[in-house]
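Participant: First, the structure itself, so that you have it in front of you.
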Amino acid sequence: MPGQPSRDEIADVLDLIAREAREYLEGVDERPLRPPDVDDRAEAFGGRLPERGDGAVAALQQLLKEGLDASVASTGPRFFHFVIGGVTPAALGADWLTSALDQNAGLWPASPLGSQLAKVSIGWLLEMFGLPRSWGGSITTGATMANFTALLCARRWWAQHHGVDVDAEGLTGLPRTTILSGGYLHASTRKALGMLGLGRDRVRILSRDEAGRLDLSALRRELEALGGDQAIVIATAGEVNTGDFDPIFDMADLAEEHGAWLHVDGAFGLFAALSPRTAHLVEGIEGAHSVIADGHKWLNVPYDSGFAFVRDASLLPGALASGAAYLSPVDDPRPNLAYLAPEMSQRSRSIALWATLRAYGRQGHRAMVERHLDLAQRLAVRVDDSPDLERLAEVPLNIVCFRFRPHEVPEEALDELNRRIGTALLEDGRVYAGTTTYQGKVAFRPAIVNWRTREEDVDLITDVVRELGAKLAPEFVPVTD
Ligand SMILES: *Cc1c(COP(=O)(O)O)cnc(C)c1O
C-alpha cells in the first residue's frame, strides 16, 4: 500500500540520498553560502499534515528540490559564523551507518556496539586531550548538555559536603551555592546553571576589564572569604569573541588550595591541547574537576555531539543512574550510557567519534588544528596589513576579532557601519561571518574550525568585508562644507 513504510523503498532512498549528498558535497567548496531567498524558501515549507502520504521517495525528492535551497552551506569551507565545525568523511560515513543501524546506546543490551565505542572513544578523547584515563566521561548532544552534566556532578559534590544527596532529595534546605567565574562565561553555562536549579544569575563574575578577563586576585579574595563552604569555579578555555583563555593553571591552584570545584568549559578551546604550539593555554587542566568540549565544533563530527569528563568518575552514575526492573542493573560492570548521561535512550554518537579518531588519529586531528592556527595567523596578518581594517584582540587560537575602520569614518559611526557590513556579508553569500560586540565595539569574529577550509577561503573574509565596507562607507562620512 502506498503511503506506508515498505522494504521496497529502502534501496531507492539510499541510492537517491547517496547520489544527491555526494553531488552536494562535491560542490560545497564553491557553493554560495546563502542561496537566494533562503529564508522564504525555508518558510515555504508548511501546509497541513498530509492525510495520505505519497511515500519515501516523493518526500525525499521534495526535500532535495526545495530543501537544499533552504539551507545555508554551513558544512562548507567558507562558513566562519558562530563556531561550526565541518564533518570529516569518516564521521560522515559512520553517522549514516549509525542511523541505518539505529543503535540506542543508552543500554548495553540494546547496543553493545554503541556502548563499547562510547567507552573506547571517551578513553581515546581523554588521552588526546592529555587528561587522566581514570576520569569518567559522558557523551552528550553538545557543550550545553556537557556543561549541564559536569555541573550536575559539581552540584552533587557540593551537596555531599552538606551531608545531602541532592539528586535523591533535591535542593530544598541547602544553602545557596557560591559560583565564581571570569567574564568569559558562555551563555550556555548560565543556561545549564538555570536548569540545575542553581540559578542562571547566581554566578559572581569577577572580571578586571571590559573584555572580561578574570580578576585572579578577586577570585582569591572570594575563595578566602568563603569560610569553610565549597565554591564552584568556572573557567572558560576559548572565549567566543577572541578565543582567549582564562588562566587555568592559576585557577586550578586556587581551587586546590581552597577545596573548590574547578569546571573548565573548553567547547572548542580544549583542542588547544592537541598542539604543542597552544598546549600552554590549557596547562594545569588536569587539576580541574570537570572539563567539557564539543564534538561538533573542532572535532568535525556531525551534529550533535559533545562530551563531559569528570575527575571523580563515581559522581556521574551517582547523579544520573536511575534504574528500573526491566533495565540493566545500575551497577552493571559494562557501560550503560543511560546511567552516565541526562538522556536514557540516546543516539550512538560514539560511532562517529570512534570512526574519526580511528581514521585520523592523534596526528591527523592535531594537523587539522594546526592548519587552523596557521589560517588564523594568516587572517590576522591580512587584517593588520589592510589600512581600513583594525584588529581588536590577540589571536591565541582560531578566532580573529576585527572591524572595518576607514580613516574618513568617525569613531561614533563605526558600530553602525560594521553592523551594516555584517548584514550585507550574510546576504552576499561568498563568505559567512557574524558580528559581535567586543569591548563595546561592533566587530567580526570569524572562527576557523572546518577541515575543508583553505587559504583562499580565509582570504575572502578580508576581501569581501573590505569590498562591502568601501561601498557602504560613503554614507557614514560626515558632510563638510
Ligand atoms: C559553543 C559553546 C558552548 C555551547 O555549545 P553547544 O554545542 O552549542 O551546546 C559552550 N561554551 C563555549 C565556550 C562554546 O563556544
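How things are named: the first chain in the C-alpha cells is A, the next is B, and so on; residues count from 1 in each chain; ligands count from 1 in the order shown.
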Kindly work out which residues sit at most 9 Å from ligand 1, using only C-alpha atoms and all ligand atoms, and give the list as a PyMOL selection string.
Facilitator: chain A and resi 82-84+141-147+184-189+236-240+243+265-269+292-297+303-306
Participant: Name all residues at most 10 Å from Glu9 of chain A (count only C-alpha atoms; drop same-chain ones fewer than 5 positions away) and give them as a list in words.
Facilitator: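 With the cut-off at 10 Å, the set is Gln4, Leu14, Gly55, Ala56 and Val57 of chain A.
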Participant: Write the selection just made, keeping all heavy atoms, as a PDB file, in the first residue's frame?
Facilitator:
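Dumped everything to result14.pdb:
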```pdb
ATOM      1  N   GLN A   4       2.716   3.863   3.198  1.00  0.00           N
ATOM      2  CA  GLN A   4       3.177   3.188   4.417  1.00  0.00           C
ATOM      3  C   GLN A   4       4.616   2.772   4.186  1.00  0.00           C
ATOM      4  O   GLN A   4       4.993   2.482   3.056  1.00  0.00           O
ATOM      5  CB  GLN A   4       2.343   1.945   4.687  1.00  0.00           C
ATOM      6  CG  GLN A   4       0.947   2.251   5.192  1.00  0.00           C
ATOM      7  CD  GLN A   4       0.283   1.001   5.732  1.00  0.00           C
ATOM      8  OE1 GLN A   4       0.942   0.164   6.340  1.00  0.00           O
ATOM      9  NE2 GLN A   4      -1.002   0.881   5.483  1.00  0.00           N
ATOM     10  N   LEU A  14      18.196   5.068  -0.278  1.00  0.00           N
ATOM     11  CA  LEU A  14      19.645   5.139  -0.028  1.00  0.00           C
ATOM     12  C   LEU A  14      20.393   5.555  -1.291  1.00  0.00           C
ATOM     13  O   LEU A  14      21.322   6.368  -1.231  1.00  0.00           O
ATOM     14  CB  LEU A  14      20.164   3.801   0.504  1.00  0.00           C
ATOM     15  CG  LEU A  14      19.674   3.409   1.905  1.00  0.00           C
ATOM     16  CD1 LEU A  14      20.322   2.106   2.351  1.00  0.00           C
ATOM     17  CD2 LEU A  14      19.954   4.506   2.924  1.00  0.00           C
ATOM     18  N   GLY A  55       4.779   8.488   0.085  1.00  0.00           N
ATOM     19  CA  GLY A  55       5.933   7.590   0.131  1.00  0.00           C
ATOM     20  C   GLY A  55       7.265   8.282   0.314  1.00  0.00           C
ATOM     21  O   GLY A  55       7.396   9.504   0.208  1.00  0.00           O
ATOM     22  N   ALA A  56       8.277   7.475   0.579  1.00  0.00           N
ATOM     23  CA  ALA A  56       9.593   7.979   0.954  1.00  0.00           C
ATOM     24  C   ALA A  56      10.279   8.730  -0.186  1.00  0.00           C
ATOM     25  O   ALA A  56      10.844   9.809   0.015  1.00  0.00           O
ATOM     26  CB  ALA A  56      10.477   6.816   1.404  1.00  0.00           C
ATOM     27  N   VAL A  57      10.230   8.164  -1.378  1.00  0.00           N
ATOM     28  CA  VAL A  57      10.972   8.785  -2.475  1.00  0.00           C
ATOM     29  C   VAL A  57      10.405  10.164  -2.788  1.00  0.00           C
ATOM     30  O   VAL A  57      11.150  11.138  -2.939  1.00  0.00           O
ATOM     31  CB  VAL A  57      10.982   7.863  -3.717  1.00  0.00           C
ATOM     32  CG1 VAL A  57      11.562   8.595  -4.920  1.00  0.00           C
ATOM     33  CG2 VAL A  57      11.787   6.594  -3.414  1.00  0.00           C
TER      34      VAL A  57
END
```
Participant: If you run DSSP on the backbone here, which positions in segment 19-255 of chain A get alpha helix (DSSP H)? Please write them as an MDAnalysis selection string.
Facilitator: chainID A and resid 19:27 38:43 56:62 89:101 112:128 143:161 166:169 187:195 216:224 248:255
Participant: Taking only C-alpha atoms into account, produce a table as a tab-separated table in which each residue of segment 276-298 of chain A with an atom at most 12 Å from an atom of segment 370-375 of chain A appears once, together with its shortest atom pair and the distance in Å to one decimal, ordered by chain and rising number.
Facilitator:
```
residue	atom	partner	partner_atom	distance
A:Pro276	CA	A:Glu370	CA	9.5
A:Arg277	CA	A:Glu370	CA	8.2
A:Thr278	CA	A:Leu373	CA	9.0
A:Ala279	CA	A:Glu370	CA	11.4
A:Trp298	CA	A:His372	CA	9.8
```
Participant: Between atom CA of Thr140 of chain A and atom CA of Leu101 of chain A, what is the distance, to one decimal in Å?
Facilitator: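 Separating atom CA of Thr140 of chain A from atom CA of Leu101 of chain A is a distance of 19.4 Å.
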Participant: Give me the residues within 8 Å of Leu33 of chain A as number ranges by chain, counting only C-alpha atoms and dropping any in the same chain fewer than 4 places off.
Facilitator: A: 72-74, 76, 78-79, 429-432
Participant: Please extract the residues of segment 97-224 of chain A with a backbone DSSP assignment of strand (DSSP E or B) and present them as a count of residues only.
Facilitator: 15
Participant: Using only C-alpha atoms for the distances, tell me which of A:Val477, A:Leu417, A:Leu131, A:Ala192 is nearest to Ala288 of chain A.
Facilitator: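 The closest residue to Ala288 of chain A is A:Leu131.
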Participant: Pick out the residues sitting within 10 Å of Ala338 of chain A, and hand them over as a PDB file with N, CA and C atoms, in the first residue's frame; count only C-alpha atoms, and ignore anything fewer than 2 positions along from it in its own chain.
Facilitator:
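Dumped to selection38.pdb:
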```
ATOM      1  N   ASN A 104      20.500   2.343  19.953  1.00  0.00           N
ATOM      2  CA  ASN A 104      20.242   3.068  21.191  1.00  0.00           C
ATOM      3  C   ASN A 104      21.372   2.747  22.165  1.00  0.00           C
ATOM      4  N   ALA A 105      22.264   3.735  22.348  1.00  0.00           N
ATOM      5  CA  ALA A 105      23.439   3.480  23.188  1.00  0.00           C
ATOM      6  C   ALA A 105      23.149   3.646  24.675  1.00  0.00           C
ATOM      7  N   GLY A 106      21.907   3.841  25.034  1.00  0.00           N
ATOM      8  CA  GLY A 106      21.593   4.005  26.454  1.00  0.00           C
ATOM      9  C   GLY A 106      21.898   2.767  27.279  1.00  0.00           C
ATOM     10  N   LEU A 107      21.670   1.613  26.682  1.00  0.00           N
ATOM     11  CA  LEU A 107      21.784   0.365  27.442  1.00  0.00           C
ATOM     12  C   LEU A 107      22.613  -0.649  26.669  1.00  0.00           C
ATOM     13  N   TRP A 108      23.529  -1.293  27.383  1.00  0.00           N
ATOM     14  CA  TRP A 108      24.392  -2.286  26.737  1.00  0.00           C
ATOM     15  C   TRP A 108      23.606  -3.337  25.954  1.00  0.00           C
ATOM     16  N   SER A 115      27.583   1.146  23.019  1.00  0.00           N
ATOM     17  CA  SER A 115      28.034   1.291  24.405  1.00  0.00           C
ATOM     18  C   SER A 115      29.552   1.139  24.499  1.00  0.00           C
ATOM     19  N   SER A 138      31.160  11.220  29.676  1.00  0.00           N
ATOM     20  CA  SER A 138      29.797  11.072  29.188  1.00  0.00           C
ATOM     21  C   SER A 138      29.723  11.732  27.825  1.00  0.00           C
ATOM     22  N   PRO A 317      27.444   8.331  37.661  1.00  0.00           N
ATOM     23  CA  PRO A 317      26.330   7.428  37.992  1.00  0.00           C
ATOM     24  C   PRO A 317      25.620   7.863  39.269  1.00  0.00           C
ATOM     25  N   LEU A 320      23.222  10.305  37.911  1.00  0.00           N
ATOM     26  CA  LEU A 320      22.424  10.015  36.712  1.00  0.00           C
ATOM     27  C   LEU A 320      21.884   8.594  36.595  1.00  0.00           C
ATOM     28  N   ALA A 321      22.349   7.696  37.469  1.00  0.00           N
ATOM     29  CA  ALA A 321      21.859   6.328  37.351  1.00  0.00           C
ATOM     30  C   ALA A 321      20.515   6.183  38.047  1.00  0.00           C
ATOM     31  N   SER A 322      19.484   5.968  37.271  1.00  0.00           N
ATOM     32  CA  SER A 322      18.147   5.762  37.818  1.00  0.00           C
ATOM     33  C   SER A 322      17.590   4.532  37.113  1.00  0.00           C
ATOM     34  N   GLY A 323      17.593   3.414  37.806  1.00  0.00           N
ATOM     35  CA  GLY A 323      17.278   2.146  37.155  1.00  0.00           C
ATOM     36  C   GLY A 323      15.824   1.731  37.318  1.00  0.00           C
ATOM     37  N   LEU A 327      15.398  -2.694  33.144  1.00  0.00           N
ATOM     38  CA  LEU A 327      16.614  -2.125  32.559  1.00  0.00           C
ATOM     39  C   LEU A 327      17.844  -2.870  33.066  1.00  0.00           C
ATOM     40  N   SER A 328      19.032  -2.465  32.559  1.00  0.00           N
ATOM     41  CA  SER A 328      20.267  -3.059  33.062  1.00  0.00           C
ATOM     42  C   SER A 328      20.426  -2.726  34.544  1.00  0.00           C
ATOM     43  N   VAL A 330      22.022  -1.077  37.694  1.00  0.00           N
ATOM     44  CA  VAL A 330      22.779   0.184  37.695  1.00  0.00           C
ATOM     45  C   VAL A 330      24.257  -0.053  38.028  1.00  0.00           C
ATOM     46  N   PRO A 335      29.359  -0.696  30.278  1.00  0.00           N
ATOM     47  CA  PRO A 335      28.823   0.668  30.186  1.00  0.00           C
ATOM     48  C   PRO A 335      27.358   0.688  29.749  1.00  0.00           C
ATOM     49  N   ASN A 336      26.555   1.402  30.486  1.00  0.00           N
ATOM     50  CA  ASN A 336      25.166   1.705  30.120  1.00  0.00           C
ATOM     51  C   ASN A 336      25.059   3.223  30.166  1.00  0.00           C
ATOM     52  N   LEU A 340      24.924   7.424  32.759  1.00  0.00           N
ATOM     53  CA  LEU A 340      26.039   8.383  32.786  1.00  0.00           C
ATOM     54  C   LEU A 340      25.686   9.691  32.097  1.00  0.00           C
ATOM     55  N   ALA A 341      24.482   9.785  31.553  1.00  0.00           N
ATOM     56  CA  ALA A 341      24.107  10.945  30.743  1.00  0.00           C
ATOM     57  C   ALA A 341      22.697  11.383  31.104  1.00  0.00           C
ATOM     58  N   PRO A 342      22.337  12.626  30.772  1.00  0.00           N
ATOM     59  CA  PRO A 342      20.977  13.085  31.064  1.00  0.00           C
ATOM     60  C   PRO A 342      19.914  12.232  30.358  1.00  0.00           C
ATOM     61  N   GLU A 343      20.174  11.842  29.119  1.00  0.00           N
ATOM     62  CA  GLU A 343      19.174  11.046  28.394  1.00  0.00           C
ATOM     63  C   GLU A 343      19.244   9.591  28.832  1.00  0.00           C
ATOM     64  N   MET A 344      18.114   8.900  28.766  1.00  0.00           N
ATOM     65  CA  MET A 344      18.117   7.440  28.893  1.00  0.00           C
ATOM     66  C   MET A 344      18.432   6.896  27.487  1.00  0.00           C
ATOM     67  N   SER A 345      17.428   6.807  26.641  1.00  0.00           N
ATOM     68  CA  SER A 345      17.688   6.408  25.259  1.00  0.00           C
ATOM     69  C   SER A 345      18.516   7.481  24.577  1.00  0.00           C
ATOM     70  N   GLN A 346      19.442   7.066  23.769  1.00  0.00           N
ATOM     71  CA  GLN A 346      20.274   8.055  23.092  1.00  0.00           C
ATOM     72  C   GLN A 346      20.891   7.490  21.819  1.00  0.00           C
TER      73      GLN A 346
END
```
Participant: Determine the nearest neighbour of Leu472 of chain A from the options A:Glu256, A:Asp29, A:Glu283, A:Glu416, counting only C-alpha atoms.
Facilitator: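 Of A:Glu256, A:Asp29, A:Glu283, A:Glu416, the one nearest Leu472 of chain A is A:Glu416, counting only C-alpha atoms.
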Participant: Considering only C-alpha atoms, can you say which of A:Leu97, A:Ala225, A:Met251, A:Val28 comes closest to Ala355 of chain A?
Facilitator: A:Leu97
Participant: Taking only C-alpha atoms into account, name the residue in A:Asp69, A:Glu210, A:Asp312, A:Glu467 that is nearest to Asp40 of chain A.
Facilitator: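 Going through A:Asp69, A:Glu210, A:Asp312, A:Glu467 one by one, the smallest distance to Asp40 of chain A is for A:Asp69.
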Participant: Quick one: residues within 12 Å of Trp354 of chain A, only C-alpha atoms, excluding same-chain residues fewer than 3 positions away - as a PDB file with N, CA, C and O atoms, in the first residue's frame?
Facilitator:
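Contents of the output file out_3.pdb:
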```pdb
ATOM      1  N   THR A  88      34.154  15.309   9.081  1.00  0.00           N
ATOM      2  CA  THR A  88      35.186  14.529   8.389  1.00  0.00           C
ATOM      3  C   THR A  88      34.491  13.395   7.629  1.00  0.00           C
ATOM      4  O   THR A  88      33.426  12.915   8.040  1.00  0.00           O
ATOM      5  N   ALA A  90      35.177  10.291   7.529  1.00  0.00           N
ATOM      6  CA  ALA A  90      34.996   9.113   8.383  1.00  0.00           C
ATOM      7  C   ALA A  90      33.777   9.283   9.291  1.00  0.00           C
ATOM      8  O   ALA A  90      32.978   8.358   9.474  1.00  0.00           O
ATOM      9  N   ALA A  91      33.631  10.478   9.853  1.00  0.00           N
ATOM     10  CA  ALA A  91      32.499  10.722  10.752  1.00  0.00           C
ATOM     11  C   ALA A  91      31.187  10.707   9.974  1.00  0.00           C
ATOM     12  O   ALA A  91      30.160  10.228  10.469  1.00  0.00           O
ATOM     13  N   LEU A  92      31.214  11.220   8.750  1.00  0.00           N
ATOM     14  CA  LEU A  92      30.001  11.238   7.928  1.00  0.00           C
ATOM     15  C   LEU A  92      29.534   9.807   7.639  1.00  0.00           C
ATOM     16  O   LEU A  92      28.363   9.464   7.840  1.00  0.00           O
ATOM     17  N   GLY A  93      30.462   8.984   7.185  1.00  0.00           N
ATOM     18  CA  GLY A  93      30.094   7.604   6.876  1.00  0.00           C
ATOM     19  C   GLY A  93      29.579   6.888   8.116  1.00  0.00           C
ATOM     20  O   GLY A  93      28.559   6.183   8.075  1.00  0.00           O
ATOM     21  N   ALA A  94      30.260   7.106   9.231  1.00  0.00           N
ATOM     22  CA  ALA A  94      29.860   6.431  10.470  1.00  0.00           C
ATOM     23  C   ALA A  94      28.497   6.931  10.941  1.00  0.00           C
ATOM     24  O   ALA A  94      27.687   6.166  11.470  1.00  0.00           O
ATOM     25  N   ASP A  95      28.233   8.215  10.725  1.00  0.00           N
ATOM     26  CA  ASP A  95      26.955   8.774  11.162  1.00  0.00           C
ATOM     27  C   ASP A  95      25.796   8.212  10.330  1.00  0.00           C
ATOM     28  O   ASP A  95      24.724   7.937  10.859  1.00  0.00           O
ATOM     29  N   THR A  98      25.176   4.904  11.634  1.00  0.00           N
ATOM     30  CA  THR A  98      24.501   4.979  12.930  1.00  0.00           C
ATOM     31  C   THR A  98      22.987   5.010  12.748  1.00  0.00           C
ATOM     32  O   THR A  98      22.244   4.333  13.454  1.00  0.00           O
ATOM     33  N   LEU A 113      27.560  -2.437  20.649  1.00  0.00           N
ATOM     34  CA  LEU A 113      28.485  -1.655  19.817  1.00  0.00           C
ATOM     35  C   LEU A 113      28.542  -0.193  20.262  1.00  0.00           C
ATOM     36  O   LEU A 113      29.621   0.349  20.546  1.00  0.00           O
ATOM     37  N   GLY A 114      27.374   0.446  20.325  1.00  0.00           N
ATOM     38  CA  GLY A 114      27.349   1.859  20.710  1.00  0.00           C
ATOM     39  C   GLY A 114      27.886   2.082  22.115  1.00  0.00           C
ATOM     40  O   GLY A 114      28.573   3.070  22.382  1.00  0.00           O
ATOM     41  N   SER A 115      27.583   1.146  23.019  1.00  0.00           N
ATOM     42  CA  SER A 115      28.034   1.291  24.405  1.00  0.00           C
ATOM     43  C   SER A 115      29.552   1.139  24.499  1.00  0.00           C
ATOM     44  O   SER A 115      30.236   1.935  25.160  1.00  0.00           O
ATOM     45  N   GLN A 116      30.065   0.119  23.832  1.00  0.00           N
ATOM     46  CA  GLN A 116      31.505  -0.130  23.912  1.00  0.00           C
ATOM     47  C   GLN A 116      32.284   0.989  23.216  1.00  0.00           C
ATOM     48  O   GLN A 116      33.311   1.457  23.724  1.00  0.00           O
ATOM     49  N   LEU A 117      31.787   1.442  22.032  1.00  0.00           N
ATOM     50  CA  LEU A 117      32.504   2.521  21.335  1.00  0.00           C
ATOM     51  C   LEU A 117      32.461   3.812  22.142  1.00  0.00           C
ATOM     52  O   LEU A 117      33.374   4.636  22.048  1.00  0.00           O
ATOM     53  N   ALA A 118      31.434   3.979  22.961  1.00  0.00           N
ATOM     54  CA  ALA A 118      31.401   5.152  23.845  1.00  0.00           C
ATOM     55  C   ALA A 118      32.534   5.055  24.851  1.00  0.00           C
ATOM     56  O   ALA A 118      33.285   6.017  25.074  1.00  0.00           O
ATOM     57  N   LYS A 119      32.676   3.879  25.449  1.00  0.00           N
ATOM     58  CA  LYS A 119      33.739   3.694  26.431  1.00  0.00           C
ATOM     59  C   LYS A 119      35.110   3.909  25.786  1.00  0.00           C
ATOM     60  O   LYS A 119      35.967   4.613  26.326  1.00  0.00           O
ATOM     61  N   VAL A 120      35.270   3.327  24.585  1.00  0.00           N
ATOM     62  CA  VAL A 120      36.565   3.450  23.898  1.00  0.00           C
ATOM     63  C   VAL A 120      36.825   4.898  23.505  1.00  0.00           C
ATOM     64  O   VAL A 120      37.917   5.438  23.736  1.00  0.00           O
ATOM     65  N   SER A 121      35.820   5.561  22.929  1.00  0.00           N
ATOM     66  CA  SER A 121      36.115   6.922  22.453  1.00  0.00           C
ATOM     67  C   SER A 121      36.309   7.892  23.616  1.00  0.00           C
ATOM     68  O   SER A 121      37.121   8.814  23.507  1.00  0.00           O
ATOM     69  N   ILE A 122      35.609   7.682  24.725  1.00  0.00           N
ATOM     70  CA  ILE A 122      35.869   8.539  25.895  1.00  0.00           C
ATOM     71  C   ILE A 122      37.327   8.365  26.338  1.00  0.00           C
ATOM     72  O   ILE A 122      38.031   9.343  26.608  1.00  0.00           O
ATOM     73  N   GLY A 123      37.799   7.122  26.374  1.00  0.00           N
ATOM     74  CA  GLY A 123      39.199   6.870  26.731  1.00  0.00           C
ATOM     75  C   GLY A 123      40.160   7.530  25.746  1.00  0.00           C
ATOM     76  O   GLY A 123      41.144   8.165  26.147  1.00  0.00           O
ATOM     77  N   TRP A 124      39.870   7.396  24.466  1.00  0.00           N
ATOM     78  CA  TRP A 124      40.749   7.999  23.445  1.00  0.00           C
ATOM     79  C   TRP A 124      40.750   9.525  23.542  1.00  0.00           C
ATOM     80  O   TRP A 124      41.783  10.176  23.379  1.00  0.00           O
ATOM     81  N   LEU A 125      39.554  10.089  23.791  1.00  0.00           N
ATOM     82  CA  LEU A 125      39.475  11.551  23.896  1.00  0.00           C
ATOM     83  C   LEU A 125      40.254  12.038  25.110  1.00  0.00           C
ATOM     84  O   LEU A 125      41.000  13.029  25.020  1.00  0.00           O
ATOM     85  N   ILE A 139      28.986  11.117  26.924  1.00  0.00           N
ATOM     86  CA  ILE A 139      28.801  11.715  25.596  1.00  0.00           C
ATOM     87  C   ILE A 139      27.449  12.407  25.586  1.00  0.00           C
ATOM     88  O   ILE A 139      26.448  11.829  26.021  1.00  0.00           O
ATOM     89  N   GLY A 295      31.919  17.984  20.287  1.00  0.00           N
ATOM     90  CA  GLY A 295      32.363  17.165  19.161  1.00  0.00           C
ATOM     91  C   GLY A 295      32.069  17.857  17.843  1.00  0.00           C
ATOM     92  O   GLY A 295      32.853  17.788  16.902  1.00  0.00           O
ATOM     93  N   LEU A 299      36.185  18.902  16.543  1.00  0.00           N
ATOM     94  CA  LEU A 299      36.453  17.511  16.193  1.00  0.00           C
ATOM     95  C   LEU A 299      35.880  17.174  14.815  1.00  0.00           C
ATOM     96  O   LEU A 299      36.222  16.162  14.227  1.00  0.00           O
ATOM     97  N   VAL A 301      32.808  16.254  13.891  1.00  0.00           N
ATOM     98  CA  VAL A 301      31.805  15.206  13.729  1.00  0.00           C
ATOM     99  C   VAL A 301      30.457  15.907  13.556  1.00  0.00           C
ATOM    100  O   VAL A 301      30.311  17.069  13.926  1.00  0.00           O
ATOM    101  N   SER A 348      23.681   6.645  19.165  1.00  0.00           N
ATOM    102  CA  SER A 348      25.062   6.184  19.367  1.00  0.00           C
ATOM    103  C   SER A 348      26.030   7.172  18.716  1.00  0.00           C
ATOM    104  O   SER A 348      26.628   6.890  17.683  1.00  0.00           O
ATOM    105  N   ARG A 349      26.172   8.320  19.360  1.00  0.00           N
ATOM    106  CA  ARG A 349      27.093   9.331  18.830  1.00  0.00           C
ATOM    107  C   ARG A 349      28.524   8.824  18.844  1.00  0.00           C
ATOM    108  O   ARG A 349      29.395   9.346  18.162  1.00  0.00           O
ATOM    109  N   SER A 350      28.749   7.820  19.674  1.00  0.00           N
ATOM    110  CA  SER A 350      30.098   7.279  19.805  1.00  0.00           C
ATOM    111  C   SER A 350      30.608   6.675  18.507  1.00  0.00           C
ATOM    112  O   SER A 350      31.812   6.595  18.302  1.00  0.00           O
ATOM    113  N   ILE A 351      29.712   6.251  17.629  1.00  0.00           N
ATOM    114  CA  ILE A 351      30.175   5.574  16.403  1.00  0.00           C
ATOM    115  C   ILE A 351      30.945   6.570  15.526  1.00  0.00           C
ATOM    116  O   ILE A 351      32.021   6.267  15.017  1.00  0.00           O
ATOM    117  N   LEU A 357      38.333   9.299  15.119  1.00  0.00           N
ATOM    118  CA  LEU A 357      39.577   9.101  15.879  1.00  0.00           C
ATOM    119  C   LEU A 357      40.370   7.925  15.300  1.00  0.00           C
ATOM    120  O   LEU A 357      41.600   7.969  15.192  1.00  0.00           O
ATOM    121  N   ARG A 358      39.650   6.888  14.885  1.00  0.00           N
ATOM    122  CA  ARG A 358      40.286   5.712  14.290  1.00  0.00           C
ATOM    123  C   ARG A 358      40.901   6.066  12.924  1.00  0.00           C
ATOM    124  O   ARG A 358      41.967   5.590  12.562  1.00  0.00           O
ATOM    125  N   ALA A 359      40.182   6.892  12.171  1.00  0.00           N
ATOM    126  CA  ALA A 359      40.604   7.196  10.797  1.00  0.00           C
ATOM    127  C   ALA A 359      41.802   8.139  10.760  1.00  0.00           C
ATOM    128  O   ALA A 359      42.681   7.996   9.905  1.00  0.00           O
ATOM    129  N   TYR A 360      41.848   9.110  11.641  1.00  0.00           N
ATOM    130  CA  TYR A 360      42.868  10.164  11.517  1.00  0.00           C
ATOM    131  C   TYR A 360      43.831  10.212  12.703  1.00  0.00           C
ATOM    132  O   TYR A 360      44.893  10.835  12.595  1.00  0.00           O
ATOM    133  N   GLY A 361      43.432   9.607  13.795  1.00  0.00           N
ATOM    134  CA  GLY A 361      44.347   9.502  14.925  1.00  0.00           C
ATOM    135  C   GLY A 361      44.725  10.838  15.540  1.00  0.00           C
ATOM    136  O   GLY A 361      44.237  11.899  15.142  1.00  0.00           O
TER     137      GLY A 361
END
```
Participant: Counting only C-alpha atoms, which of A:Gly182, A:His81, A:Leu126, A:Arg220 gets nearest to Ile285 of chain A?
Facilitator: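 Ranked by minimum distance to Ile285 of chain A, first place goes to A:Leu126.
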